[in-house]
$ cat structure.cif   # mmCIF, C-alpha atoms and all ligand atoms
data_work
#
loop_
_atom_site.label_atom_id
_atom_site.label_comp_id
_atom_site.auth_asym_id
_atom_site.auth_seq_id
_atom_site.Cartn_x
_atom_site.Cartn_y
_atom_site.Cartn_z
CA MET F 1 55.19 71.23 134.69
CA ARG F 2 52.87 73.33 136.80
CA GLU F 3 49.27 72.25 137.22
CA VAL F 4 46.68 74.90 137.83
CA THR F 5 42.96 74.45 138.38
CA THR F 6 41.76 78.04 138.78
CA GLY F 7 41.81 80.96 136.42
CA HIS F 8 42.95 83.16 139.27
CA ALA F 9 46.08 81.09 139.94
CA LEU F 10 46.90 80.77 136.25
CA ARG F 11 46.59 84.53 135.69
CA ALA F 12 48.90 85.20 138.64
CA TRP F 13 51.54 82.77 137.36
CA LEU F 14 51.32 84.16 133.81
CA ARG F 15 51.53 87.75 135.04
CA ALA F 16 54.93 86.94 136.54
CA ARG F 17 56.08 85.26 133.30
CA ARG F 18 54.99 88.26 131.24
CA ALA F 19 56.77 90.61 133.63
CA GLU F 20 59.95 88.69 132.75
CA GLY F 21 59.25 89.56 129.11
CA ARG F 22 58.10 86.10 128.07
CA GLN F 23 55.67 85.42 125.21
CA VAL F 24 52.87 82.98 125.92
CA GLY F 25 51.73 80.18 123.60
CA PHE F 26 48.45 78.38 124.24
CA VAL F 27 47.00 75.01 123.21
CA PRO F 28 43.39 74.41 124.25
CA THR F 29 42.29 70.75 124.27
CA MET F 30 39.70 68.38 125.69
CA GLY F 31 42.40 65.93 126.73
CA ALA F 32 42.90 62.27 125.80
CA LEU F 33 46.04 63.69 124.27
CA HIS F 34 47.57 62.20 121.15
CA GLU F 35 50.31 63.14 118.73
CA GLY F 36 47.99 65.66 117.02
CA HIS F 37 47.65 67.66 120.24
CA LEU F 38 51.38 67.31 120.88
CA HIS F 39 52.22 68.79 117.47
CA LEU F 40 50.23 71.85 118.56
CA VAL F 41 52.40 71.97 121.69
CA ASP F 42 55.55 71.73 119.55
CA GLU F 43 54.33 74.62 117.41
CA ALA F 44 53.42 76.75 120.44
CA ARG F 45 56.87 76.13 121.90
CA ARG F 46 58.51 77.17 118.63
CA ARG F 47 56.57 80.44 118.65
CA ALA F 48 56.58 81.43 122.32
CA ASP F 49 58.68 81.19 125.50
CA VAL F 50 56.04 79.76 127.81
CA THR F 51 53.53 77.11 126.75
CA VAL F 52 50.16 76.68 128.42
CA ALA F 53 47.88 73.77 127.52
CA SER F 54 44.37 73.37 128.85
CA ILE F 55 42.31 70.24 129.28
CA PHE F 56 38.62 70.90 129.68
CA VAL F 57 35.79 68.74 128.36
CA ASN F 58 33.46 71.64 127.64
CA PRO F 59 29.84 70.64 128.30
CA LEU F 60 28.60 73.66 126.36
CA GLN F 61 29.77 72.25 123.04
CA PHE F 62 28.10 68.84 123.41
CA GLY F 63 24.52 68.30 122.29
CA ALA F 64 21.96 66.18 124.12
CA GLY F 65 22.69 62.52 123.41
CA GLU F 66 26.31 63.18 122.42
CA ASP F 67 29.36 61.65 124.10
CA LEU F 68 29.98 64.18 126.92
CA VAL F 69 29.73 61.60 129.70
CA ARG F 70 31.80 58.90 128.05
CA TYR F 71 34.39 61.24 126.50
CA PRO F 72 37.78 59.72 127.50
CA ARG F 73 39.54 61.40 130.45
CA PRO F 74 42.90 59.63 130.96
CA LEU F 75 44.31 62.39 133.15
CA GLU F 76 47.41 60.60 134.43
CA ARG F 77 48.53 59.73 130.90
CA ASP F 78 47.76 63.27 129.68
CA ARG F 79 49.94 64.70 132.45
CA LEU F 80 52.88 62.57 131.40
CA LEU F 81 52.44 63.37 127.71
CA ALA F 82 52.07 67.10 128.31
CA SER F 83 55.05 67.39 130.65
CA GLY F 84 57.15 65.11 128.43
CA ARG F 85 56.50 67.43 125.50
CA GLY F 86 57.50 70.57 127.35
CA VAL F 87 54.19 72.11 128.44
CA ASP F 88 55.04 74.63 131.18
CA ALA F 89 51.58 74.97 132.70
CA LEU F 90 48.62 72.62 132.40
CA PHE F 91 45.29 74.30 133.11
CA LEU F 92 42.72 71.83 134.45
CA PRO F 93 39.62 73.76 135.41
CA ASP F 94 36.47 71.92 136.47
CA VAL F 95 33.03 72.78 135.14
CA GLY F 96 32.22 74.98 138.14
CA GLU F 97 35.38 77.00 137.59
CA MET F 98 34.53 77.71 133.95
CA TYR F 99 30.77 78.07 134.41
CA PRO F 100 29.94 79.18 137.94
CA PRO F 101 26.24 79.19 138.81
CA GLY F 102 24.44 81.88 136.87
CA ALA F 103 26.92 82.02 133.97
CA ALA F 104 24.68 82.76 130.98
CA THR F 105 26.55 84.80 128.35
CA ARG F 106 27.44 83.11 125.05
CA VAL F 107 29.49 84.02 122.00
CA VAL F 108 27.32 84.07 118.85
CA PRO F 109 29.38 82.65 115.95
CA GLY F 110 29.23 84.06 112.42
CA PRO F 111 27.24 82.40 109.62
CA ALA F 112 30.08 79.99 108.85
CA ALA F 113 28.87 78.13 111.95
CA ASP F 114 25.52 77.29 110.36
CA ARG F 115 26.90 74.74 107.93
CA TRP F 116 28.45 71.27 108.18
CA GLU F 117 29.41 70.59 111.81
CA GLY F 118 27.15 73.42 112.97
CA ALA F 119 24.17 72.01 111.08
CA ALA F 120 24.80 68.51 112.43
CA ARG F 121 25.45 69.76 115.98
CA PRO F 122 23.22 72.76 116.78
CA GLY F 123 24.82 75.08 119.33
CA HIS F 124 28.18 73.33 119.04
CA PHE F 125 30.17 76.33 117.80
CA ALA F 126 28.54 78.77 120.23
CA GLY F 127 29.80 76.41 122.94
CA VAL F 128 33.26 76.18 121.38
CA LEU F 129 33.67 79.93 120.88
CA THR F 130 32.35 80.72 124.36
CA VAL F 131 34.91 78.48 126.04
CA VAL F 132 37.72 79.58 123.72
CA ALA F 133 36.93 83.25 124.43
CA LYS F 134 36.98 82.57 128.17
CA LEU F 135 40.26 80.66 127.91
CA PHE F 136 41.79 83.45 125.80
CA HIS F 137 40.82 85.97 128.49
CA ILE F 138 42.32 83.86 131.25
CA VAL F 139 45.54 82.96 129.42
CA GLN F 140 45.92 86.10 127.28
CA PRO F 141 48.23 84.24 124.91
CA ASP F 142 50.37 85.87 122.24
CA VAL F 143 49.77 82.85 120.03
CA ALA F 144 47.20 80.05 120.16
CA CYS F 145 47.49 76.81 118.16
CA PHE F 146 44.57 74.91 116.65
CA GLY F 147 44.47 71.82 114.44
CA GLN F 148 43.57 71.77 110.77
CA LYS F 149 41.58 68.62 111.50
CA ASP F 150 38.79 70.82 112.86
CA TRP F 151 38.89 73.24 109.93
CA GLN F 152 35.52 74.87 110.56
CA GLN F 153 36.38 75.38 114.22
CA ALA F 154 39.72 77.00 113.37
CA ALA F 155 38.03 79.28 110.79
CA LEU F 156 35.43 80.37 113.34
CA VAL F 157 38.05 80.99 116.03
CA ARG F 158 40.01 83.12 113.54
CA GLN F 159 36.90 85.10 112.77
CA MET F 160 36.07 85.59 116.45
CA VAL F 161 39.60 86.86 117.11
CA ARG F 162 39.18 89.35 114.28
CA ASP F 163 35.62 90.40 115.07
CA LEU F 164 36.01 90.71 118.84
CA ASP F 165 39.49 92.31 118.80
CA PHE F 166 41.42 89.62 120.60
CA SER F 167 45.08 90.50 120.44
CA LEU F 168 46.71 87.20 119.54
CA GLU F 169 47.85 85.17 116.57
CA VAL F 170 45.91 82.03 115.63
CA VAL F 171 48.11 79.33 114.10
CA VAL F 172 46.58 76.34 112.34
CA VAL F 173 48.73 73.21 112.46
CA PRO F 174 48.48 70.46 109.79
CA THR F 175 46.55 67.32 110.69
CA VAL F 176 48.61 64.51 112.21
CA ARG F 177 47.61 61.10 110.86
CA GLU F 178 47.94 57.41 111.68
CA PRO F 179 50.03 55.30 109.27
CA ASP F 180 46.92 54.46 107.19
CA GLY F 181 46.04 58.15 106.94
CA LEU F 182 43.26 58.27 109.55
CA ALA F 183 43.36 61.66 111.29
CA MET F 184 44.32 61.22 114.93
CA SER F 185 41.37 61.93 117.21
CA SER F 186 40.48 61.23 120.82
CA ARG F 187 37.29 59.68 119.43
CA ASN F 188 39.26 57.04 117.48
CA ALA F 189 39.38 55.20 120.83
CA TYR F 190 35.68 54.41 120.33
CA LEU F 191 36.38 52.36 117.18
CA ASP F 192 36.40 48.57 117.44
CA ALA F 193 38.80 46.63 115.20
CA THR F 194 36.35 46.34 112.28
CA ASP F 195 35.39 50.00 112.41
CA ARG F 196 39.01 51.06 112.82
CA ALA F 197 39.94 49.21 109.63
CA ALA F 198 36.98 50.72 107.80
CA ALA F 199 37.84 54.25 109.02
CA GLY F 200 40.93 54.17 106.79
CA SER F 201 38.52 54.74 103.89
CA ILE F 202 37.95 58.34 105.11
CA PRO F 203 41.45 59.61 104.22
CA ALA F 204 41.36 57.31 101.18
CA ALA F 205 38.19 59.09 100.03
CA LEU F 206 39.84 62.50 100.46
CA ARG F 207 42.90 61.27 98.57
CA ALA F 208 40.67 60.06 95.71
CA LEU F 209 38.99 63.48 95.63
CA VAL F 210 42.33 65.29 95.44
CA ALA F 211 43.60 62.86 92.77
CA ARG F 212 40.55 63.72 90.64
CA TYR F 213 41.22 67.43 91.19
CA ARG F 214 44.87 67.02 90.22
CA ALA F 215 43.75 65.21 87.07
CA GLY F 216 41.97 68.41 86.06
CA GLU F 217 38.42 67.96 87.40
CA THR F 218 37.06 71.18 88.98
CA ASP F 219 33.35 70.31 89.21
CA PRO F 220 32.72 69.90 92.96
CA ALA F 221 29.96 67.34 92.33
CA ALA F 222 32.38 65.12 90.40
CA LEU F 223 35.04 65.50 93.09
CA VAL F 224 32.57 64.60 95.83
CA ALA F 225 31.41 61.60 93.78
CA ALA F 226 35.00 60.35 93.65
CA ALA F 227 35.18 60.47 97.45
CA ARG F 228 31.76 58.88 97.92
CA ALA F 229 32.72 55.98 95.65
CA VAL F 230 35.52 55.08 98.06
CA LEU F 231 33.28 55.22 101.14
CA ASP F 232 30.42 53.36 99.46
CA VAL F 233 32.38 50.10 99.33
CA ARG F 234 32.62 50.05 103.14
CA PRO F 235 29.28 49.13 104.70
CA GLU F 236 30.50 50.30 108.13
CA VAL F 237 30.99 53.86 106.86
CA ALA F 238 28.09 56.26 106.23
CA ALA F 239 29.00 59.67 104.85
CA GLU F 240 27.11 62.56 106.47
CA TYR F 241 28.46 65.30 104.26
CA ILE F 242 31.26 65.78 101.76
CA ALA F 243 31.67 69.23 100.23
CA VAL F 244 34.22 71.49 98.58
CA VAL F 245 34.12 74.81 100.42
CA ASP F 246 35.69 78.23 100.75
CA PRO F 247 38.39 78.10 103.47
CA GLY F 248 37.01 81.15 105.31
CA THR F 249 33.26 81.26 104.80
CA LEU F 250 32.76 77.48 104.54
CA GLU F 251 30.33 78.15 101.65
CA PRO F 252 30.43 75.64 98.79
CA VAL F 253 32.68 76.80 95.93
CA ALA F 254 32.49 76.08 92.22
CA PRO F 255 34.71 75.57 90.39
CA ALA F 256 37.10 73.92 92.84
CA ARG F 257 40.39 75.71 93.36
CA ASP F 258 43.68 75.15 95.19
CA ASP F 259 42.75 76.97 98.40
CA ALA F 260 39.34 75.28 98.68
CA VAL F 261 38.89 72.68 101.39
CA ALA F 262 37.11 69.35 101.02
CA VAL F 263 35.30 68.76 104.32
CA LEU F 264 33.89 65.40 105.29
CA ALA F 265 31.94 63.87 108.16
CA ALA F 266 31.06 60.19 108.37
CA ARG F 267 29.72 57.73 110.84
CA VAL F 268 31.84 54.63 111.25
CA GLY F 269 29.57 52.27 113.12
CA PRO F 270 28.37 54.38 116.06
CA THR F 271 31.31 56.82 115.92
CA ARG F 272 31.17 60.16 114.14
CA LEU F 273 34.48 61.29 112.58
CA ILE F 274 35.48 64.39 110.59
CA ASP F 275 38.37 65.12 108.28
CA ASN F 276 39.33 67.59 105.56
CA VAL F 277 41.98 68.36 102.97
CA ILE F 278 43.13 71.55 101.25
CA LEU F 279 42.82 70.72 97.54
CA GLY F 280 46.12 72.35 96.58
CA GLN F 281 48.00 70.51 99.32
CA GLY F 282 46.52 67.03 99.50
CA ILE F 283 47.14 64.51 102.28
CA GLY F 284 50.85 63.82 102.72
P1 LIG O 1 40.23 68.39 120.96
O1 LIG O 1 40.93 67.90 122.18
O2 LIG O 1 39.67 67.32 120.09
O3 LIG O 1 39.24 69.49 121.25
O4 LIG O 1 41.35 69.07 120.07
C1 LIG O 1 42.16 70.08 120.59
C2 LIG O 1 42.96 70.69 119.48
O5 LIG O 1 43.76 69.68 118.86
C3 LIG O 1 42.08 71.29 118.37
O6 LIG O 1 42.67 72.49 117.90
C4 LIG O 1 42.12 70.21 117.31
O7 LIG O 1 41.90 70.70 116.01
C5 LIG O 1 43.55 69.71 117.47
N1 LIG O 1 43.68 68.37 116.90
C6 LIG O 1 42.89 67.30 117.15
N2 LIG O 1 43.28 66.25 116.40
C7 LIG O 1 44.34 66.67 115.66
C8 LIG O 1 45.18 66.06 114.68
N3 LIG O 1 45.03 64.79 114.31
N4 LIG O 1 46.16 66.80 114.14
C9 LIG O 1 46.33 68.10 114.50
N5 LIG O 1 45.58 68.73 115.41
C10 LIG O 1 44.59 68.03 115.99
#
$ encode --input "structure.cif" --output "structure tokens"
Amino acid sequence: MREVTTGHALRAWLRARRAEGRQVGFVPTMGALHEGHLHLVDEARRRADVTVASIFVNPLQFGAGEDLVRYPRPLERDRLLASGRGVDALFLPDVGEMYPPGAATRVVPGPAADRWEGAARPGHFAGVLTVVAKLFHIVQPDVACFGQKDWQQAALVRQMVRDLDFSLEVVVVPTVREPDGLAMSSRNAYLDATDRAAAGSIPAALRALVARYRAGETDPAALVAAARAVLDVRPEVAAEYIAVVDPGTLEPVAPARDDAVAVLAARVGPTRLIDNVILGQGIG
């Protein structure tokens, strides 16, 4: 596996690969890699000849008082995981490489960014889309893989690709979960044993919501109540939002339908976690 720290060097290497007729797959991450990230790598490898992954903890998408400084950065482990899974080039830019002094331009996300994660984290999606646009320009992938776990992010990336004429395919990969159903996340490392046990109620809440839907309930308020009832018995877990939304616009939908997505954010002790489920699919 090649490691590259500058956009210039990565572009040069990729130019040579493209000249050989190879298709490029791309997996952007913030590192602290887990099986969720590695499923994105698997998918990129299935769909392209050369796989690039990036690790960049993007300061632009963190709000004041968020976990930018303490975000885990286990680089040596990430290297081993990425190379073991067949990543061809690992892009490891530093902050100065991505945002040289004077960098000021931002991507303005569509209105789907105003709700849920965007409401809880002002500026978050402008930061995400700005870095993703820059990475897309550097890598110029044929296909880029994102996780369903961050549904709103994937929807906004899709919209940016459409609206700003990026020439690539966005693939959304199903959420990879721990045995108790908890969505894998780099932030799960923040959970102590009590909070980790309590966090299992998040997928349980989404399962209860889907069970109610499968039983014929289509009133979003009733579906959300079914999820809340599961979280309410765990004092460590405080729901921030639970909603049944349109998969593209993220607007609440009523009645619920198969392609709608139940999105959820909760604090488990001091840790903020998100998850979602497509009503017609459920959690495996
Ligand atoms: P992050 O490093 O948290 O920015 O995530 C990088 C990419 O991995 C994003 O597209 C996430 O949606 C995706 N991802 C994170 N966790 C999971 C998971 N449990 N299953 C599938 N994809 C994931």
$ residues_near_ligand --input "structure.cif" --ligand "ligand LIG 1 (chain O)" --cutoff "10 Å" --atoms "only C-alpha atoms and all ligand atoms" --output "VMD selection string"
chain F and resid 27 to 41 53 to 58 128 144 to 154 157 171 to 178 181 to 187 274 to 275
$ atom_distance --input "structure.cif" --atom1 "atom CA of Val230 of chain F" --atom2 "atom CA of Ala205 of chain F"
5.2 Å
$ closest_residue --input "structure.cif" --among "F:Ala221, F:Gly280, F:Tyr190, F:Thr6" --to "Pro72 of chain F" --atoms "all atoms listed in the file"
F:Tyr190
$ atom_distance --input "structure.cif" --atom1 "atom CA of Asn276 of chain F" --atom2 "atom CA of Gly200 of chain F"
13.6 Å
$ atom_distance --input "structure.cif" --atom1 "atom CA of Gln61 of chain F" --atom2 "atom CA of Val108 of chain F"
12.8 Å
$ closest_residue --input "structure.cif" --among "F:Ala19, F:Val95, F:Val268, F:Met1" --to "Ala193 of chain F" --atoms "all atoms listed in the file"
F:Val268
$ residues_around --input "structure.cif" --residues "Ala266 of chain F" --least-positions-apart "2" --cutoff "7 Å" --atoms "all atoms listed in the file" --output "list in words"
Val237, Ala238, Ala239, Glu240, Leu264, Val268, Arg272, Leu273 and Ile274 of chain F
$ residues_around --input "structure.cif" --residues "Glu217 of chain F" --least-positions-apart "3" --cutoff "12 Å" --atoms "all atoms listed in the file" --output "number ranges by chain"
F: 208-214, 220-226, 254-258, 279
$ residues_near_point --input "structure.cif" --point "(27.8, 88.8, 107.6)" --cutoff "12 Å" --atoms "all atoms listed in the file" --output "NGL selection string"
:F and (109-113 or 159 or 163 or 249)
$ residues_around --input "structure.cif" --residues "segment 137-139 of chain F" --least-positions-apart "5" --cutoff "8 Å" --atoms "all atoms listed in the file" --output "number ranges by chain"
F: 7, 10-11, 14, 26, 52
$ residues_around --input "structure.cif" --residues "Ala126 of chain F" --least-positions-apart "3" --cutoff "7 Å" --atoms "all atoms listed in the file" --output "list in words"
Arg106, Val107, Val108, Pro109, Gly123, Leu129 and Thr130 of chain F
$ decode --input "structure.cif" --residues "segment 122-142 of chain F" --atoms "N, CA, C and O atoms" --output "PDB file, in the first residue's frame"
ATOM      1  N   PRO F 122     -24.473  23.068  13.882  1.00  0.00           N
ATOM      2  CA  PRO F 122     -24.471  24.104  12.846  1.00  0.00           C
ATOM      3  C   PRO F 122     -23.135  24.141  12.090  1.00  0.00           C
ATOM      4  O   PRO F 122     -22.071  24.079  12.698  1.00  0.00           O
ATOM      5  N   GLY F 123     -23.212  24.217  10.784  1.00  0.00           N
ATOM      6  CA  GLY F 123     -22.001  24.279   9.962  1.00  0.00           C
ATOM      7  C   GLY F 123     -21.395  22.924   9.645  1.00  0.00           C
ATOM      8  O   GLY F 123     -20.486  22.819   8.809  1.00  0.00           O
ATOM      9  N   HIS F 124     -21.897  21.880  10.307  1.00  0.00           N
ATOM     10  CA  HIS F 124     -21.292  20.553  10.139  1.00  0.00           C
ATOM     11  C   HIS F 124     -21.281  20.121   8.664  1.00  0.00           C
ATOM     12  O   HIS F 124     -20.238  19.722   8.130  1.00  0.00           O
ATOM     13  N   PHE F 125     -22.433  20.217   8.002  1.00  0.00           N
ATOM     14  CA  PHE F 125     -22.492  19.674   6.638  1.00  0.00           C
ATOM     15  C   PHE F 125     -21.772  20.564   5.626  1.00  0.00           C
ATOM     16  O   PHE F 125     -21.283  20.057   4.610  1.00  0.00           O
ATOM     17  N   ALA F 126     -21.683  21.869   5.882  1.00  0.00           N
ATOM     18  CA  ALA F 126     -20.852  22.712   5.013  1.00  0.00           C
ATOM     19  C   ALA F 126     -19.405  22.239   5.113  1.00  0.00           C
ATOM     20  O   ALA F 126     -18.682  22.159   4.109  1.00  0.00           O
ATOM     21  N   GLY F 127     -18.982  21.885   6.319  1.00  0.00           N
ATOM     22  CA  GLY F 127     -17.628  21.366   6.514  1.00  0.00           C
ATOM     23  C   GLY F 127     -17.431  20.029   5.831  1.00  0.00           C
ATOM     24  O   GLY F 127     -16.407  19.781   5.190  1.00  0.00           O
ATOM     25  N   VAL F 128     -18.430  19.154   5.952  1.00  0.00           N
ATOM     26  CA  VAL F 128     -18.345  17.828   5.321  1.00  0.00           C
ATOM     27  C   VAL F 128     -18.280  17.980   3.803  1.00  0.00           C
ATOM     28  O   VAL F 128     -17.399  17.415   3.133  1.00  0.00           O
ATOM     29  N   LEU F 129     -19.219  18.738   3.240  1.00  0.00           N
ATOM     30  CA  LEU F 129     -19.279  18.825   1.773  1.00  0.00           C
ATOM     31  C   LEU F 129     -18.050  19.546   1.216  1.00  0.00           C
ATOM     32  O   LEU F 129     -17.570  19.201   0.133  1.00  0.00           O
ATOM     33  N   THR F 130     -17.523  20.507   1.949  1.00  0.00           N
ATOM     34  CA  THR F 130     -16.323  21.201   1.477  1.00  0.00           C
ATOM     35  C   THR F 130     -15.147  20.215   1.383  1.00  0.00           C
ATOM     36  O   THR F 130     -14.454  20.155   0.363  1.00  0.00           O
ATOM     37  N   VAL F 131     -14.960  19.424   2.409  1.00  0.00           N
ATOM     38  CA  VAL F 131     -13.818  18.497   2.357  1.00  0.00           C
ATOM     39  C   VAL F 131     -14.075  17.392   1.338  1.00  0.00           C
ATOM     40  O   VAL F 131     -13.148  16.965   0.624  1.00  0.00           O
ATOM     41  N   VAL F 132     -15.314  16.921   1.234  1.00  0.00           N
ATOM     42  CA  VAL F 132     -15.605  15.861   0.260  1.00  0.00           C
ATOM     43  C   VAL F 132     -15.414  16.389  -1.159  1.00  0.00           C
ATOM     44  O   VAL F 132     -14.836  15.698  -2.015  1.00  0.00           O
ATOM     45  N   ALA F 133     -15.830  17.629  -1.424  1.00  0.00           N
ATOM     46  CA  ALA F 133     -15.626  18.207  -2.756  1.00  0.00           C
ATOM     47  C   ALA F 133     -14.130  18.306  -3.069  1.00  0.00           C
ATOM     48  O   ALA F 133     -13.685  17.977  -4.177  1.00  0.00           O
ATOM     49  N   LYS F 134     -13.352  18.753  -2.089  1.00  0.00           N
ATOM     50  CA  LYS F 134     -11.901  18.854  -2.312  1.00  0.00           C
ATOM     51  C   LYS F 134     -11.299  17.470  -2.578  1.00  0.00           C
ATOM     52  O   LYS F 134     -10.495  17.283  -3.498  1.00  0.00           O
ATOM     53  N   LEU F 135     -11.695  16.492  -1.774  1.00  0.00           N
ATOM     54  CA  LEU F 135     -11.158  15.139  -1.960  1.00  0.00           C
ATOM     55  C   LEU F 135     -11.575  14.574  -3.317  1.00  0.00           C
ATOM     56  O   LEU F 135     -10.777  13.916  -3.997  1.00  0.00           O
ATOM     57  N   PHE F 136     -12.820  14.836  -3.723  1.00  0.00           N
ATOM     58  CA  PHE F 136     -13.265  14.365  -5.042  1.00  0.00           C
ATOM     59  C   PHE F 136     -12.413  15.000  -6.148  1.00  0.00           C
ATOM     60  O   PHE F 136     -12.091  14.339  -7.139  1.00  0.00           O
ATOM     61  N   HIS F 137     -12.073  16.267  -5.996  1.00  0.00           N
ATOM     62  CA  HIS F 137     -11.251  16.914  -7.019  1.00  0.00           C
ATOM     63  C   HIS F 137      -9.838  16.336  -7.063  1.00  0.00           C
ATOM     64  O   HIS F 137      -9.239  16.187  -8.118  1.00  0.00           O
ATOM     65  N   ILE F 138      -9.316  16.012  -5.904  1.00  0.00           N
ATOM     66  CA  ILE F 138      -7.950  15.466  -5.858  1.00  0.00           C
ATOM     67  C   ILE F 138      -7.931  14.039  -6.420  1.00  0.00           C
ATOM     68  O   ILE F 138      -7.090  13.693  -7.249  1.00  0.00           O
ATOM     69  N   VAL F 139      -8.893  13.227  -5.975  1.00  0.00           N
ATOM     70  CA  VAL F 139      -8.882  11.797  -6.328  1.00  0.00           C
ATOM     71  C   VAL F 139      -9.542  11.550  -7.693  1.00  0.00           C
ATOM     72  O   VAL F 139      -9.175  10.622  -8.408  1.00  0.00           O
ATOM     73  N   GLN F 140     -10.537  12.367  -8.022  1.00  0.00           N
ATOM     74  CA  GLN F 140     -11.327  12.161  -9.247  1.00  0.00           C
ATOM     75  C   GLN F 140     -11.762  10.699  -9.405  1.00  0.00           C
ATOM     76  O   GLN F 140     -11.463  10.047 -10.423  1.00  0.00           O
ATOM     77  N   PRO F 141     -12.455  10.195  -8.397  1.00  0.00           N
ATOM     78  CA  PRO F 141     -12.840   8.777  -8.443  1.00  0.00           C
ATOM     79  C   PRO F 141     -13.947   8.520  -9.456  1.00  0.00           C
ATOM     80  O   PRO F 141     -14.720   9.422  -9.783  1.00  0.00           O
ATOM     81  N   ASP F 142     -14.029   7.283  -9.920  1.00  0.00           N
ATOM     82  CA  ASP F 142     -15.181   6.852 -10.714  1.00  0.00           C
ATOM     83  C   ASP F 142     -16.333   6.497  -9.792  1.00  0.00           C
ATOM     84  O   ASP F 142     -17.497   6.625 -10.157  1.00  0.00           O
TER      85      ASP F 142
END
